>>> print(open('entry33.pdb').read())   # PDB, C-alpha atoms
ATOM      1  CA  MET O   1       5.672  47.403   1.571
ATOM      2  CA  THR O   2       6.957  45.553   4.641
ATOM      3  CA  ASP O   3       7.076  41.823   5.232
ATOM      4  CA  ALA O   4       4.320  40.448   7.440
ATOM      5  CA  ALA O   5       5.344  39.600  10.984
ATOM      6  CA  PRO O   6       5.771  35.881  11.645
ATOM      7  CA  PRO O   7       2.963  34.202  13.609
ATOM      8  CA  PRO O   8       3.590  33.881  17.352
ATOM      9  CA  PRO O   9       5.077  30.604  18.618
ATOM     10  CA  ALA O  10       2.573  28.196  20.136
ATOM     11  CA  SER O  11       4.475  25.063  21.183
ATOM     12  CA  ILE O  12       7.689  23.063  20.982
ATOM     13  CA  GLY O  13       7.998  19.538  19.629
ATOM     14  CA  ILE O  14      10.820  17.054  20.168
ATOM     15  CA  ASP O  15      11.446  13.954  18.048
ATOM     16  CA  VAL O  16      13.852  11.426  19.554
ATOM     17  CA  GLY O  17      15.416   8.932  17.153
ATOM     18  CA  GLY O  18      18.137   6.329  17.245
ATOM     19  CA  HIS O  19      20.595   8.661  15.494
ATOM     20  CA  GLY O  20      19.567  12.126  16.626
ATOM     21  CA  VAL O  21      17.131  14.453  18.343
ATOM     22  CA  LYS O  22      15.102  16.973  16.330
ATOM     23  CA  ALA O  23      13.164  19.930  17.663
ATOM     24  CA  ALA O  24      10.665  22.364  16.163
ATOM     25  CA  LEU O  25       9.127  25.628  17.303
ATOM     26  CA  ILE O  26       5.718  25.931  15.685
ATOM     27  CA  ALA O  27       2.877  28.418  15.426
ATOM     28  CA  ALA O  28      -0.755  27.504  16.085
ATOM     29  CA  ASP O  29      -1.343  27.062  12.348
ATOM     30  CA  GLY O  30       1.492  24.525  12.055
ATOM     31  CA  ALA O  31       4.059  26.883  10.542
ATOM     32  CA  VAL O  32       7.586  25.862  11.549
ATOM     33  CA  LEU O  33       9.311  28.928  12.986
ATOM     34  CA  ASP O  34      12.574  27.198  13.879
ATOM     35  CA  PHE O  35      13.935  23.692  13.428
ATOM     36  CA  GLN O  36      17.097  22.216  14.915
ATOM     37  CA  ARG O  37      18.727  18.848  15.471
ATOM     38  CA  LEU O  38      21.561  17.276  17.410
ATOM     39  CA  ASP O  39      23.082  13.981  16.301
ATOM     40  CA  ILE O  40      23.685  10.898  18.408
ATOM     41  CA  ASP O  41      26.931   9.297  17.290
ATOM     42  CA  SER O  42      27.524   6.481  19.741
ATOM     43  CA  LEU O  43      25.647   3.992  21.869
ATOM     44  CA  GLY O  44      26.617   5.847  25.050
ATOM     45  CA  GLU O  45      25.001   8.998  23.719
ATOM     46  CA  ARG O  46      21.682   7.152  23.542
ATOM     47  CA  ALA O  47      21.555   6.698  27.334
ATOM     48  CA  VAL O  48      18.618   8.385  29.038
ATOM     49  CA  GLU O  49      20.617  11.200  30.666
ATOM     50  CA  ALA O  50      22.608  11.914  27.508
ATOM     51  CA  VAL O  51      19.480  12.248  25.365
ATOM     52  CA  GLU O  52      17.766  14.386  27.999
ATOM     53  CA  GLU O  53      20.737  16.744  27.984
ATOM     54  CA  ARG O  54      20.415  17.152  24.217
ATOM     55  CA  ILE O  55      16.701  17.818  24.552
ATOM     56  CA  GLU O  56      17.405  20.453  27.203
ATOM     57  CA  ARG O  57      19.911  22.199  24.920
ATOM     58  CA  LEU O  58      17.498  22.224  21.993
ATOM     59  CA  VAL O  59      14.616  23.496  24.107
ATOM     60  CA  ALA O  60      16.811  26.314  25.460
ATOM     61  CA  ASP O  61      17.620  27.404  21.912
ATOM     62  CA  LEU O  62      13.973  27.293  20.829
ATOM     63  CA  ARG O  63      12.862  29.171  23.925
ATOM     64  CA  GLN O  64      15.340  31.891  23.033
ATOM     65  CA  ALA O  65      13.952  31.956  19.503
ATOM     66  CA  ALA O  66      10.447  32.332  20.954
ATOM     67  CA  ALA O  67      11.610  35.169  23.215
ATOM     68  CA  ASP O  68      13.188  36.900  20.216
ATOM     69  CA  LEU O  69       9.758  36.855  18.600
ATOM     70  CA  GLY O  70       8.312  38.540  21.646
ATOM     71  CA  CYS O  71       6.620  35.445  23.051
ATOM     72  CA  ASP O  72       6.582  33.963  26.534
ATOM     73  CA  ASP O  73       9.085  31.117  26.494
ATOM     74  CA  ALA O  74       6.983  28.898  28.816
ATOM     75  CA  LEU O  75       5.492  27.046  25.854
ATOM     76  CA  PRO O  76       3.897  23.587  26.070
ATOM     77  CA  ILE O  77       6.191  20.768  24.936
ATOM     78  CA  GLY O  78       5.509  17.443  23.279
ATOM     79  CA  VAL O  79       7.998  14.653  22.679
ATOM     80  CA  GLY O  80       7.933  11.642  20.367
ATOM     81  CA  VAL O  81       9.919   8.577  21.360
ATOM     82  CA  PRO O  82      10.608   5.366  19.398
ATOM     83  CA  GLY O  83       9.305   2.104  20.778
ATOM     84  CA  PHE O  84       6.406   0.860  22.840
ATOM     85  CA  PHE O  85       4.980   3.792  24.773
ATOM     86  CA  ASP O  86       2.406   3.081  27.473
ATOM     87  CA  ARG O  87       0.504   6.372  27.584
ATOM     88  CA  LYS O  88      -1.722   5.350  30.505
ATOM     89  CA  GLN O  89       1.293   4.712  32.698
ATOM     90  CA  GLY O  90       3.441   7.382  31.030
ATOM     91  CA  LEU O  91       6.235   4.883  30.410
ATOM     92  CA  LEU O  92       8.389   4.084  27.410
ATOM     93  CA  ARG O  93       8.381   0.337  27.946
ATOM     94  CA  SER O  94      11.151  -0.494  25.486
ATOM     95  CA  SER O  95      12.832   0.855  22.377
ATOM     96  CA  PRO O  96      14.859  -1.103  19.798
ATOM     97  CA  ASN O  97      16.934   2.004  18.977
ATOM     98  CA  LEU O  98      17.409   3.100  22.593
ATOM     99  CA  PRO O  99      18.391  -0.083  24.462
ATOM    100  CA  ASP O 100      18.863   1.668  27.821
ATOM    101  CA  TRP O 101      15.319   3.037  27.777
ATOM    102  CA  GLN O 102      13.296   0.483  29.757
ATOM    103  CA  ASP O 103      10.158   1.624  31.610
ATOM    104  CA  VAL O 104      11.296   5.260  31.461
ATOM    105  CA  PRO O 105       8.737   7.906  32.618
ATOM    106  CA  VAL O 106       9.668  10.194  29.733
ATOM    107  CA  ALA O 107       7.165  12.997  30.242
ATOM    108  CA  LYS O 108       7.667  13.121  34.020
ATOM    109  CA  ARG O 109      11.444  13.297  33.799
ATOM    110  CA  LEU O 110      11.405  15.966  31.103
ATOM    111  CA  SER O 111       8.749  18.007  32.919
ATOM    112  CA  GLU O 112      10.992  18.135  35.969
ATOM    113  CA  ARG O 113      14.042  19.022  33.889
ATOM    114  CA  LEU O 114      12.361  21.657  31.708
ATOM    115  CA  GLY O 115      10.013  23.193  34.249
ATOM    116  CA  VAL O 116       6.815  22.878  32.177
ATOM    117  CA  ALA O 117       4.265  20.164  31.485
ATOM    118  CA  VAL O 118       5.469  17.728  28.826
ATOM    119  CA  VAL O 119       3.347  15.199  26.929
ATOM    120  CA  ALA O 120       4.879  12.131  25.279
ATOM    121  CA  GLU O 121       3.839   9.769  22.498
ATOM    122  CA  ASN O 122       5.208   7.115  20.147
ATOM    123  CA  ASP O 123       7.271   8.684  17.348
ATOM    124  CA  ALA O 124       5.298   7.148  14.452
ATOM    125  CA  ASN O 125       2.109   8.516  15.997
ATOM    126  CA  CYS O 126       3.764  11.919  16.180
ATOM    127  CA  ALA O 127       4.745  11.734  12.515
ATOM    128  CA  LEU O 128       1.105  10.967  11.691
ATOM    129  CA  LEU O 129      -0.093  13.910  13.791
ATOM    130  CA  GLY O 130       2.381  16.169  12.021
ATOM    131  CA  GLU O 131       1.069  15.199   8.588
ATOM    132  CA  ALA O 132      -2.560  15.548   9.734
ATOM    133  CA  PHE O 133      -1.921  18.874  11.463
ATOM    134  CA  ALA O 134       0.183  20.616   8.841
ATOM    135  CA  GLY O 135       1.187  18.188   6.089
ATOM    136  CA  ALA O 136      -0.115  15.796   3.460
ATOM    137  CA  ALA O 137      -3.284  14.900   5.397
ATOM    138  CA  ARG O 138      -4.087  18.341   6.759
ATOM    139  CA  GLY O 139      -7.752  18.716   7.631
ATOM    140  CA  LEU O 140      -8.518  14.968   7.454
ATOM    141  CA  SER O 141      -9.815  12.899  10.363
ATOM    142  CA  ASN O 142      -9.279   9.315   9.182
ATOM    143  CA  VAL O 143      -5.724   8.650   8.067
ATOM    144  CA  VAL O 144      -3.281   5.745   7.833
ATOM    145  CA  LEU O 145       0.427   6.548   7.815
ATOM    146  CA  LEU O 146       3.116   4.021   6.927
ATOM    147  CA  THR O 147       6.756   5.008   7.268
ATOM    148  CA  LEU O 148       9.010   2.926   5.024
ATOM    149  CA  GLY O 149      12.664   3.082   5.934
ATOM    150  CA  THR O 150      15.032   0.820   7.844
ATOM    151  CA  GLY O 151      11.859  -0.636   9.311
ATOM    152  CA  VAL O 152       8.145  -0.028   8.852
ATOM    153  CA  GLY O 153       6.228   2.127  11.297
ATOM    154  CA  SER O 154       2.573   3.068  11.195
ATOM    155  CA  GLY O 155       0.075   5.382  12.812
ATOM    156  CA  LEU O 156      -3.722   5.440  12.758
ATOM    157  CA  LEU O 157      -5.983   8.456  13.083
ATOM    158  CA  VAL O 158      -9.696   7.658  13.442
ATOM    159  CA  GLU O 159     -12.298  10.413  13.777
ATOM    160  CA  GLY O 160      -9.499  12.829  14.567
ATOM    161  CA  ARG O 161      -7.999  10.790  17.395
ATOM    162  CA  LEU O 162      -4.960   8.574  17.592
ATOM    163  CA  VAL O 163      -5.580   4.851  17.941
ATOM    164  CA  ARG O 164      -3.363   3.676  20.777
ATOM    165  CA  GLY O 165      -4.911   0.438  22.035
ATOM    166  CA  ALA O 166      -5.097  -0.920  25.569
ATOM    167  CA  ASN O 167      -1.337  -0.802  26.186
ATOM    168  CA  GLY O 168      -0.372   1.992  23.801
ATOM    169  CA  ALA O 169       1.002  -0.516  21.295
ATOM    170  CA  ALA O 170      -1.690  -0.299  18.606
ATOM    171  CA  GLY O 171      -0.685   0.496  15.056
ATOM    172  CA  GLU O 172       2.279  -1.858  14.701
ATOM    173  CA  GLY O 173       1.452  -2.347  11.038
ATOM    174  CA  GLY O 174       4.994  -3.349  10.178
ATOM    175  CA  HIS O 175       4.329  -6.662  11.905
ATOM    176  CA  ILE O 176       1.233  -7.645   9.960
ATOM    177  CA  PRO O 177       1.942 -11.244   8.837
ATOM    178  CA  LEU O 178       2.439 -11.204   5.084
ATOM    179  CA  TYR O 179       3.883 -14.647   4.362
ATOM    180  CA  ALA O 180       3.537 -17.664   6.655
ATOM    181  CA  GLY O 181       7.013 -18.962   7.414
ATOM    182  CA  GLY O 182       8.586 -16.024   5.557
ATOM    183  CA  ARG O 183      11.625 -13.947   6.410
ATOM    184  CA  ARG O 184      12.582 -13.715  10.057
ATOM    185  CA  CYS O 185      11.789 -10.337  11.593
ATOM    186  CA  GLY O 186      13.625  -8.524  14.378
ATOM    187  CA  ASP O 187      10.659  -9.214  16.676
ATOM    188  CA  GLY O 188      11.303 -12.968  16.378
ATOM    189  CA  LEU O 189       8.299 -13.609  14.134
ATOM    190  CA  ARG O 190       8.375 -14.647  10.487
ATOM    191  CA  GLY O 191       6.892 -13.113   7.372
ATOM    192  CA  CYS O 192       6.207  -9.640   8.804
ATOM    193  CA  LEU O 193       5.407  -6.831   6.372
ATOM    194  CA  GLU O 194       8.508  -4.991   7.606
ATOM    195  CA  THR O 195      10.795  -7.681   6.222
ATOM    196  CA  TYR O 196       9.486  -7.048   2.692
ATOM    197  CA  VAL O 197       8.628  -3.349   2.289
ATOM    198  CA  SER O 198      11.444  -1.754   4.265
ATOM    199  CA  GLY O 199      14.700  -0.662   2.642
ATOM    200  CA  PRO O 200      16.539  -3.831   3.711
ATOM    201  CA  GLY O 201      13.502  -5.860   2.640
ATOM    202  CA  LEU O 202      13.633  -4.454  -0.888
ATOM    203  CA  VAL O 203      17.342  -5.278  -1.099
ATOM    204  CA  LYS O 204      16.614  -8.897  -0.112
ATOM    205  CA  THR O 205      13.889  -9.081  -2.743
ATOM    206  CA  ALA O 206      16.322  -7.697  -5.324
ATOM    207  CA  LYS O 207      18.898 -10.335  -4.445
ATOM    208  CA  GLU O 208      16.268 -13.051  -4.849
ATOM    209  CA  ALA O 209      15.321 -11.658  -8.270
ATOM    210  CA  TRP O 210      19.010 -11.527  -9.216
ATOM    211  CA  ASP O 211      19.502 -15.173  -8.286
ATOM    212  CA  GLU O 212      16.362 -16.181 -10.181
ATOM    213  CA  GLU O 213      17.886 -14.722 -13.338
ATOM    214  CA  GLY O 214      20.956 -16.864 -12.807
ATOM    215  CA  ARG O 215      23.216 -13.831 -12.817
ATOM    216  CA  GLU O 216      26.875 -14.384 -11.956
ATOM    217  CA  GLY O 217      28.434 -12.781  -8.905
ATOM    218  CA  ARG O 218      26.602 -10.930  -6.188
ATOM    219  CA  CYS O 219      23.681  -8.618  -6.705
ATOM    220  CA  PRO O 220      25.111  -5.066  -6.827
ATOM    221  CA  ALA O 221      22.233  -3.582  -4.813
ATOM    222  CA  LYS O 222      23.260  -2.774  -1.251
ATOM    223  CA  THR O 223      20.553  -0.188  -0.562
ATOM    224  CA  ALA O 224      17.010   0.447  -1.742
ATOM    225  CA  ARG O 225      18.331   3.430  -3.675
ATOM    226  CA  ASP O 226      20.588   1.080  -5.654
ATOM    227  CA  VAL O 227      17.577  -0.989  -6.709
ATOM    228  CA  PHE O 228      15.640   2.028  -7.974
ATOM    229  CA  ALA O 229      18.751   3.382  -9.717
ATOM    230  CA  ALA O 230      19.354   0.061 -11.484
ATOM    231  CA  GLU O 231      15.851   0.048 -12.929
ATOM    232  CA  VAL O 232      16.207   3.637 -14.148
ATOM    233  CA  ASP O 233      19.604   2.996 -15.715
ATOM    234  CA  ALA O 234      18.266  -0.026 -17.529
ATOM    235  CA  GLY O 235      15.284   1.883 -18.888
ATOM    236  CA  GLY O 236      13.255  -1.288 -18.572
ATOM    237  CA  ALA O 237      15.779  -3.336 -20.559
ATOM    238  CA  SER O 238      16.099  -7.022 -19.720
ATOM    239  CA  ALA O 239      19.682  -6.540 -18.528
ATOM    240  CA  ASP O 240      18.327  -5.210 -15.241
ATOM    241  CA  LEU O 241      15.038  -7.023 -15.157
ATOM    242  CA  TRP O 242      15.887  -8.135 -11.626
ATOM    243  CA  ALA O 243      15.453  -4.547 -10.387
ATOM    244  CA  SER O 244      12.104  -4.132 -12.136
ATOM    245  CA  ARG O 245      10.912  -7.425 -10.727
ATOM    246  CA  ALA O 246      12.022  -6.480  -7.227
ATOM    247  CA  ILE O 247      10.181  -3.142  -7.339
ATOM    248  CA  GLU O 248       7.034  -4.808  -8.671
ATOM    249  CA  ARG O 249       7.096  -7.386  -5.871
ATOM    250  CA  PHE O 250       7.743  -4.614  -3.344
ATOM    251  CA  SER O 251       4.704  -2.720  -4.692
ATOM    252  CA  LEU O 252       2.438  -5.766  -4.527
ATOM    253  CA  ASP O 253       3.650  -6.658  -1.026
ATOM    254  CA  LEU O 254       2.927  -3.119   0.126
ATOM    255  CA  ALA O 255      -0.585  -3.365  -1.325
ATOM    256  CA  ALA O 256      -1.159  -6.658   0.487
ATOM    257  CA  GLY O 257      -0.080  -5.026   3.741
ATOM    258  CA  LEU O 258      -2.405  -2.065   3.207
ATOM    259  CA  VAL O 259      -5.522  -4.131   2.479
ATOM    260  CA  PRO O 260      -6.251  -4.836   6.195
ATOM    261  CA  PHE O 261      -5.941  -1.125   6.993
ATOM    262  CA  VAL O 262      -8.387  -0.239   4.217
ATOM    263  CA  HIS O 263     -10.984  -2.826   5.192
ATOM    264  CA  LEU O 264     -10.784  -2.113   8.916
ATOM    265  CA  LEU O 265     -10.548   1.687   8.848
ATOM    266  CA  SER O 266     -11.720   2.953   5.431
ATOM    267  CA  PRO O 267      -9.304   5.897   5.593
ATOM    268  CA  GLU O 268      -9.642   9.207   3.795
ATOM    269  CA  ALA O 269      -5.957   9.096   2.972
ATOM    270  CA  ILE O 270      -3.007   6.709   3.043
ATOM    271  CA  VAL O 271       0.222   8.617   3.610
ATOM    272  CA  ILE O 272       3.614   7.064   2.858
ATOM    273  CA  GLY O 273       6.512   8.500   4.813
ATOM    274  CA  GLY O 274      10.045   7.455   5.637
ATOM    275  CA  GLY O 275      13.099   7.400   3.400
ATOM    276  CA  LEU O 276      11.441   5.358   0.654
ATOM    277  CA  SER O 277       8.588   7.845   0.215
ATOM    278  CA  VAL O 278      10.718   9.780  -2.298
ATOM    279  CA  ALA O 279      10.336   6.791  -4.644
ATOM    280  CA  LEU O 280       6.533   6.745  -4.385
ATOM    281  CA  PRO O 281       6.131   7.745  -8.076
ATOM    282  CA  ARG O 282       7.972   4.524  -8.930
ATOM    283  CA  PHE O 283       6.137   1.991  -6.782
ATOM    284  CA  GLY O 284       2.880   3.846  -6.065
ATOM    285  CA  PRO O 285       0.994   3.190  -9.346
ATOM    286  CA  THR O 286       1.469  -0.588  -9.206
ATOM    287  CA  CYS O 287       0.493  -0.604  -5.530
ATOM    288  CA  GLU O 288      -2.631   1.456  -6.243
ATOM    289  CA  GLU O 289      -3.769  -0.820  -9.057
ATOM    290  CA  ALA O 290      -3.374  -3.827  -6.773
ATOM    291  CA  LEU O 291      -5.379  -2.097  -4.038
ATOM    292  CA  LYS O 292      -8.220  -1.396  -6.473
ATOM    293  CA  LYS O 293      -8.369  -5.093  -7.332
ATOM    294  CA  ARG O 294      -8.117  -6.353  -3.748
ATOM    295  CA  CYS O 295     -10.216  -3.867  -1.779
ATOM    296  CA  ILE O 296     -13.954  -3.420  -1.446
ATOM    297  CA  PRO O 297     -14.621  -0.122  -3.271
ATOM    298  CA  ALA O 298     -16.760   1.261  -0.456
ATOM    299  CA  CYS O 299     -13.889   0.774   1.997
ATOM    300  CA  LEU O 300     -11.259   2.168  -0.353
ATOM    301  CA  GLY O 301     -13.379   5.236  -1.005
ATOM    302  CA  ARG O 302     -11.210   8.195  -1.983
ATOM    303  CA  ALA O 303      -8.040   7.028  -0.213
ATOM    304  CA  LEU O 304      -6.160   6.816  -3.515
ATOM    305  CA  PRO O 305      -3.841   8.003  -4.853
ATOM    306  CA  LEU O 306      -1.330   7.296  -2.119
ATOM    307  CA  ARG O 307       0.105  10.488  -0.689
ATOM    308  CA  ALA O 308       3.776  11.121  -0.005
ATOM    309  CA  ALA O 309       4.457  12.628   3.420
ATOM    310  CA  ALA O 310       5.026  16.359   3.055
ATOM    311  CA  LEU O 311       6.967  17.381   6.157
ATOM    312  CA  GLY O 312      10.144  15.374   5.685
ATOM    313  CA  GLU O 313      12.380  15.087   8.712
ATOM    314  CA  SER O 314      10.341  17.635  10.670
ATOM    315  CA  ALA O 315       7.132  15.522  10.726
ATOM    316  CA  GLY O 316       7.733  13.919  14.113
ATOM    317  CA  ALA O 317       8.703  17.161  15.822
ATOM    318  CA  VAL O 318       5.755  19.045  14.297
ATOM    319  CA  GLY O 319       3.428  16.256  15.399
ATOM    320  CA  ALA O 320       4.827  16.300  18.934
ATOM    321  CA  ALA O 321       4.286  20.073  19.051
ATOM    322  CA  ALA O 322       0.729  19.587  17.790
ATOM    323  CA  LEU O 323       0.186  16.970  20.509
ATOM    324  CA  ALA O 324       1.252  19.560  23.086
ATOM    325  CA  LEU O 325      -1.604  21.741  21.784
ATOM    326  CA  GLY O 326      -4.085  18.911  22.299
ATOM    327  CA  PHE O 327      -4.328  17.807  18.672
ATOM    328  CA  GLY O 328      -5.266  14.149  18.204
ATOM    329  CA  VAL O 329      -5.735  13.512  21.914
TER     330      VAL O 329
END
>>> encode(input="entry33.pdb", output="structure tokens")
Amino acid sequence: MTDAAPPPPASIGIDVGGHGVKAALIAADGAVLDFQRLDIDSLGERAVEAVEERIERLVADLRQAAADLGCDDALPIGVGVPGFFDRKQGLLRSSPNLPDWQDVPVAKRLSERLGVAVVAENDANCALLGEAFAGAARGLSNVVLLTLGTGVGSGLLVEGRLVRGANGAAGEGGHIPLYAGGRRCGDGLRGCLETYVSGPGLVKTAKEAWDEEGREGRCPAKTARDVFAAEVDAGGASADLWASRAIERFSLDLAAGLVPFVHLLSPEAIVIGGGLSVALPRFGPTCEEALKKRCIPACLGRALPLRAAALGESAGAVGAAALALGFGV
């Protein structure tokens, strides 16, 4: 009995981030045939030309992989970029993680460099497309994705199409106002969801809980992982009640941020991605109970339980490749 031949390659997806570039060769059914990444180690390496050179190297490798599978290497290419992407004008207007990228015609420049048509999109939207095309929300048409990590990104899929808005900036769920006059956000506003349910936001909440207990010294939590580890180590004991309190507040804040999405969109699924998604079993149940109490049942529908993103670090690249095939357009 021989192994079945792998499916033929269909497209290439590129996911540009502040610390690296990832690339995936996928089949028409979403199967990842090859996945590669190149890191970005310094600010200079985030310049437009430097990133484009990395993309070119990755595409060359994936084209060779496609040729080795007996496929034409002139595959369609999609690219996800972080920041405010104006799809109508084809411009990445600005990017917090790529400071040199101002009004860059991403798709046009890459098309000229790579010799094939390239389509571009915001990276959170690409992550959503990846999960809807081949991940946790496969086969669904109405999906909300929140990525919880250093910041909070979001993507919206309605009736099988991405919601982009007039200027391509729709879906900035991380900047939903949660608390009037709350923590200052990187966008200059106060009280944004991102300042509470991101990794750094959880650490701040933990420090507040620590101080409320009147504990001596500084709170030992420097990362979100430290907060979750402290609660586990304590086994619910009062010695580390600060960690339990912080996670409960995080869960309730996340629920409060999701309520507008539920009432406006009535999604079939809410997918949680980003680095904190691995802890969903810890904060998900409390968040879900709060959503049941705060949401109109008809709007909440069957969106619960919350789903953890399934594609990991390949989600953005898979979604960009799916975009190149016309998915979600």
>>> atom_distance(input="entry33.pdb", atom1="atom CA of O:Gly328", atom2="atom CA of O:Leu162")
5.6 Å
>>> resolve_selection(input="entry33.pdb", expression="the PyMOL selection byres ((chain O and resi 292-306) around 9)", output="MDAnalysis selection string")
chainID O and resid 143 255:256 259:260 262:272 280 284:285 287:291 307:308
>>> closest_residue(input="entry33.pdb", among="O:Ala10, O:Leu114, O:Ala310, O:Ala169", to="O:Ala67", atoms="all atoms listed in the file")
O:Ala10
>>> residues_around(input="entry33.pdb", residues="stretch 182-191 of chain O", least_positions_apart="3", cutoff="12 Å", atoms="all atoms listed in the file", output="list in words")
Ser95, Pro96, Asn97, Thr150, Gly151, Val152, Glu172, Gly174, His175, Ile176, Pro177, Leu178, Tyr179, Glu194, Thr195, Tyr196, Val197, Ser198, Pro200, Gly201, Lys204, Thr205, Asp253 and Gly257 of chain O
>>> atom_distance(input="entry33.pdb", atom1="atom CA of O:Val48", atom2="atom CA of O:Ala320")
18.8 Å
>>> resolve_selection(input="entry33.pdb", expression="the PyMOL selection byres ((chain O and resi 146) around 7)", output="list in words")
Val144, Leu145, Thr147, Leu148, Val152, Gly153, Ser154, Gly155, Val271, Ile272 and Gly273 of chain O
>>> residues_around(input="entry33.pdb", residues="O:Ala166", least_positions_apart="3", cutoff="12 Å", atoms="all atoms listed in the file", output="PyMOL selection string")
chain O and resi 84-89+163+169-171
>>> atom_distance(input="entry33.pdb", atom1="atom CA of O:Gly13", atom2="atom CA of O:Leu75")
10.1 Å
>>> residues_around(input="entry33.pdb", residues="O:Leu62", least_positions_apart="5", cutoff="10 Å", atoms="all atoms listed in the file", output="mmCIF file with C-alpha atoms, in the frame of the given file")
data_model
loop_
_atom_site.group_PDB
_atom_site.id
_atom_site.type_symbol
_atom_site.label_atom_id
_atom_site.label_comp_id
_atom_site.auth_asym_id
_atom_site.auth_seq_id
_atom_site.Cartn_x
_atom_site.Cartn_y
_atom_site.Cartn_z
ATOM 1 C CA PRO O 9 5.077 30.604 18.618
ATOM 2 C CA SER O 11 4.475 25.063 21.183
ATOM 3 C CA ILE O 12 7.689 23.063 20.982
ATOM 4 C CA GLY O 13 7.998 19.538 19.629
ATOM 5 C CA ALA O 23 13.164 19.930 17.663
ATOM 6 C CA ALA O 24 10.665 22.364 16.163
ATOM 7 C CA LEU O 25 9.127 25.628 17.303
ATOM 8 C CA ILE O 26 5.718 25.931 15.685
ATOM 9 C CA LEU O 33 9.311 28.928 12.986
ATOM 10 C CA ASP O 34 12.574 27.198 13.879
ATOM 11 C CA PHE O 35 13.935 23.692 13.428
ATOM 12 C CA GLN O 36 17.097 22.216 14.915
ATOM 13 C CA GLU O 56 17.405 20.453 27.203
ATOM 14 C CA ARG O 57 19.911 22.199 24.920
ATOM 15 C CA ALA O 67 11.610 35.169 23.215
ATOM 16 C CA ASP O 68 13.188 36.900 20.216
ATOM 17 C CA ASP O 73 9.085 31.117 26.494
ATOM 18 C CA LEU O 75 5.492 27.046 25.854
#
>>> residues_around(input="entry33.pdb", residues="O:Thr286", least_positions_apart="3", cutoff="10 Å", atoms="only C-alpha atoms", output="MDAnalysis selection string")
chainID O and resid 247:252 254:255 281:283 289:291
>>> write_last_selection(input="entry33.pdb", atoms="C-alpha atoms", output="short mmCIF file (atom, residue, chain, number, x, y, z; two decimals), keeping the file's coordinate frame")
data_model
loop_
_atom_site.label_atom_id
_atom_site.label_comp_id
_atom_site.auth_asym_id
_atom_site.auth_seq_id
_atom_site.Cartn_x
_atom_site.Cartn_y
_atom_site.Cartn_z
CA ILE O 247 10.18 -3.14 -7.34
CA GLU O 248 7.03 -4.81 -8.67
CA ARG O 249 7.10 -7.39 -5.87
CA PHE O 250 7.74 -4.61 -3.34
CA SER O 251 4.70 -2.72 -4.69
CA LEU O 252 2.44 -5.77 -4.53
CA LEU O 254 2.93 -3.12 0.13
CA ALA O 255 -0.58 -3.36 -1.32
CA PRO O 281 6.13 7.74 -8.08
CA ARG O 282 7.97 4.52 -8.93
CA PHE O 283 6.14 1.99 -6.78
CA GLU O 289 -3.77 -0.82 -9.06
CA ALA O 290 -3.37 -3.83 -6.77
CA LEU O 291 -5.38 -2.10 -4.04
#
>>> closest_residue(input="entry33.pdb", among="O:Ala28, O:Val227, O:Ala66, O:Ile14", to="O:Val119", atoms="all atoms listed in the file")
O:Ile14
